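First the structure, in the form of structure tokens, and then the observations on it.
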Amino acid sequence: MRSVVGLIAVVAAASLYVYSLSLYLPPAPRRPRPPADAEHADTAEPPQPPDSTGETSRLKFPSDLEELRELAELLQFYKTEHTGYVLLLFCSAYLYKQSFAIPGSSFLNILAGAIFGPYQGLLLACVLTTVGSTMCYILSQVFGKRYIVNLFPHKVSMLQRKVEENQDCLFFFLLFLRFFPMTPNWFLNMSAPIVNIPITYFFCSVFIGLLPYNFICVQTGVMLSEVSSLDDLFSWERLLQLLAIACVALLPGALIRRFSRRRLKLDGQSQNGLITDKKVQ
């Protein structure tokens with residue numbers, strides 16, 4: 001009971017912090033006023049953020065691509081004069097979702113590319129994914145071990161067996177799980193301390209193993225911020241860029257998969273990136 005109360009207190013405190021931060025939206029940056037006649041100067045409208053109706057303090061997590069594009073435009077607008085605030089808000093929101101295993105981090109990866117560009121966005125996505133997953137690991141270790149075992153007994157026991165069978169190459173096994181997940185990433189984050197995966201192996205495997213996924217999402221965000229119509233999306237330049245992104249993202253997975261066939265002990269065949277476990281009678 002004490003662990004449940006502690007977890008609720010942590011979630012409540014983090015939620016209050018993120019909500020308070022979203023309410024503190026700085027004044028909108030001033031756009032240069034277009035030249036106007038003296039008689040119309042007094043009637044010119046004050047600058048407003050993109051698609052704003054005056055209620056600039058209403059921020060929320062995007063749930064679809066349209067909301068994502070609107071939020072990216074708004075934060076890009078504020079970033080011109082309030083870079084520190086936008087960075088703090090983005091990092092806080094990302095860590096909040098990742099730490100508590102809330103779905104939707106892919107939208108934030110795309111948002112990172114749209115706001116911060118391909119290089120800073122990728123670095124941010126990788127660091128925040130790793131730190132947030134490690135915070136989820138710690139929260140599970142402190143508060144949730146018994147409840148996770150009770151909720152997912154079969155999955156935990158299967159993962160425990162795989163970890164024990166691959167102790168001699170545990171780090172590469174963890175990379176394999178990130179490239180070709182036999183369980184969702186959120187479950188692996190929460191169950192890792194239960195099956196005695198060292199936090200150092202966990203931290204490094206998340207950073208490296210999710211790099212291709214983060215790369216694809218960030219590059220998608222970069223293109224989303226540059227594309228203004230479907231004609232731009234299906235141009236030869238964009239198609240070649242997508243092909244290059246796919247090749248770069250698939251290369252690490254292909255190398256890990258080749259290594260896994262020689263060294264890792266898996267009960268089933270890896271098909272389409274999923275491990276099919278043989279049922280023991």
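Letters for chains follow the order of the structure tokens (A, B, ...), residue numbers begin at 1 for each chain, and ligand numbers begin at 1 in the order shown.
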
* Which of range 48-183 of chain A counts as helix (DSSP H, G or I) under DSSP, as a ChimeraX atom specification please? -> /A:65-79,83-99,105-151,153-165,167-179

May I have the selected residues written with C-alpha atoms, as a tab-separated table (two decimals), in the first residue's frame?
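Output contents, as saved in selection_36.tsv:
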chain	number	residue	atom	x	y	z
A	65	LEU	CA	-0.76	14.88	-37.27
A	66	GLU	CA	-2.92	17.99	-37.62
A	67	GLU	CA	-2.55	18.88	-33.94
A	68	LEU	CA	1.14	18.04	-34.21
A	69	ARG	CA	1.64	20.46	-37.10
A	70	GLU	CA	-0.22	23.25	-35.26
A	71	LEU	CA	1.79	22.71	-32.07
A	72	ALA	CA	5.06	22.65	-34.04
A	73	GLU	CA	4.20	25.96	-35.70
A	74	LEU	CA	3.32	27.53	-32.36
A	75	LEU	CA	6.48	26.36	-30.61
A	76	GLN	CA	8.65	27.34	-33.57
A	77	PHE	CA	7.13	30.81	-33.33
A	78	TYR	CA	7.90	31.08	-29.60
A	79	LYS	CA	11.36	29.57	-30.01
A	83	THR	CA	14.36	29.17	-26.76
A	84	GLY	CA	15.03	28.27	-23.13
A	85	TYR	CA	11.34	28.02	-22.27
A	86	VAL	CA	10.50	25.90	-25.33
A	87	LEU	CA	13.42	23.56	-24.59
A	88	LEU	CA	12.41	23.21	-20.92
A	89	LEU	CA	8.77	22.61	-21.84
A	90	PHE	CA	9.64	20.00	-24.46
A	91	CYS	CA	12.10	18.13	-22.21
A	92	SER	CA	9.66	18.13	-19.29
A	93	ALA	CA	6.76	16.85	-21.42
A	94	TYR	CA	8.92	14.15	-23.01
A	95	LEU	CA	10.30	12.88	-19.69
A	96	TYR	CA	6.79	12.92	-18.21
A	97	LYS	CA	5.42	10.62	-20.93
A	98	GLN	CA	8.46	8.37	-21.03
A	99	SER	CA	8.86	8.00	-17.26
A	105	SER	CA	6.37	9.47	-27.52
A	106	SER	CA	6.60	9.02	-31.30
A	107	PHE	CA	4.69	12.28	-31.76
A	108	LEU	CA	7.21	14.03	-29.52
A	109	ASN	CA	10.10	12.58	-31.54
A	110	ILE	CA	8.52	14.01	-34.68
A	111	LEU	CA	7.98	17.29	-32.86
A	112	ALA	CA	11.67	17.36	-31.91
A	113	GLY	CA	12.64	17.23	-35.58
A	114	ALA	CA	10.12	19.91	-36.52
A	115	ILE	CA	11.23	22.34	-33.79
A	116	PHE	CA	14.94	21.72	-33.28
A	117	GLY	CA	16.07	20.37	-36.65
A	118	PRO	CA	17.69	17.07	-37.67
A	119	TYR	CA	20.82	17.14	-35.47
A	120	GLN	CA	19.67	18.81	-32.26
A	121	GLY	CA	16.33	17.03	-32.56
A	122	LEU	CA	17.96	13.60	-32.86
A	123	LEU	CA	20.29	14.27	-29.94
A	124	LEU	CA	17.39	15.46	-27.80
A	125	ALA	CA	15.20	12.49	-28.75
A	126	CYS	CA	17.95	9.96	-27.97
A	127	VAL	CA	18.94	11.54	-24.65
A	128	LEU	CA	15.35	12.07	-23.47
A	129	THR	CA	14.28	8.56	-24.51
A	130	THR	CA	17.19	7.09	-22.58
A	131	VAL	CA	16.76	9.23	-19.47
A	132	GLY	CA	12.97	8.80	-19.45
A	133	SER	CA	13.22	5.01	-19.85
A	134	THR	CA	15.78	4.88	-17.04
A	135	MET	CA	13.44	6.89	-14.81
A	136	CYS	CA	10.69	4.37	-15.64
A	137	TYR	CA	13.15	1.60	-14.67
A	138	ILE	CA	13.83	3.28	-11.31
A	139	LEU	CA	10.14	3.92	-10.61
A	140	SER	CA	9.37	0.29	-11.31
A	141	GLN	CA	12.22	-0.84	-9.08
A	142	VAL	CA	11.07	1.34	-6.20
A	143	PHE	CA	7.29	1.14	-6.47
A	144	GLY	CA	6.03	-1.45	-8.93
A	145	LYS	CA	7.84	-4.81	-8.80
A	146	ARG	CA	5.11	-6.79	-7.08
A	147	TYR	CA	2.28	-5.31	-9.13
A	148	ILE	CA	3.96	-5.89	-12.49
A	149	VAL	CA	4.62	-9.54	-11.62
A	150	ASN	CA	0.97	-9.97	-10.59
A	151	LEU	CA	-0.37	-8.27	-13.74
A	153	PRO	CA	3.20	-13.21	-14.72
A	154	HIS	CA	3.70	-15.12	-18.00
A	155	LYS	CA	5.50	-12.28	-19.79
A	156	VAL	CA	7.79	-11.62	-16.83
A	157	SER	CA	8.70	-15.29	-16.45
A	158	MET	CA	9.39	-15.62	-20.18
A	159	LEU	CA	11.62	-12.53	-20.17
A	160	GLN	CA	13.39	-13.79	-17.05
A	161	ARG	CA	14.17	-17.08	-18.76
A	162	LYS	CA	15.51	-15.35	-21.88
A	163	VAL	CA	17.74	-13.07	-19.79
A	164	GLU	CA	19.18	-16.04	-17.88
A	165	GLU	CA	19.84	-17.96	-21.10
A	167	GLN	CA	23.78	-13.86	-19.68
A	168	ASP	CA	27.02	-14.29	-21.63
A	169	CYS	CA	25.90	-11.75	-24.28
A	170	LEU	CA	23.23	-9.87	-22.36
A	171	PHE	CA	23.94	-6.45	-23.88
A	172	PHE	CA	23.46	-7.72	-27.44
A	173	PHE	CA	20.29	-9.52	-26.35
A	174	LEU	CA	18.93	-6.21	-25.04
A	175	LEU	CA	19.84	-4.54	-28.34
A	176	PHE	CA	17.98	-7.32	-30.15
A	177	LEU	CA	14.89	-6.66	-28.01
A	178	ARG	CA	14.97	-2.97	-28.98
A	179	PHE	CA	15.43	-3.61	-32.70

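Shortest atom-to-atom contact with Phe61 in chain A among A:Asn166, A:Ser225, A:Asn189, A:Ser22: A:Ser22, counting only C-alpha atoms.
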
* CA of Phe215 in chain A to CA of Tyr201 in chain A, straight-line distance in Å -> 21.3 Å

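Going from CA of Leu7 in chain A over to CA of Ile102 in chain A, you cover 14.6 Å.
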
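Interatomic distance, CA of Ser63 in chain A to CA of Leu16 in chain A: 20.6 Å.
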
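The residue that comes closest to Leu23 in chain A, out of A:Ala101, A:Val222, A:Leu59, A:Ala9 and on the basis of only C-alpha atoms, is A:Leu59.
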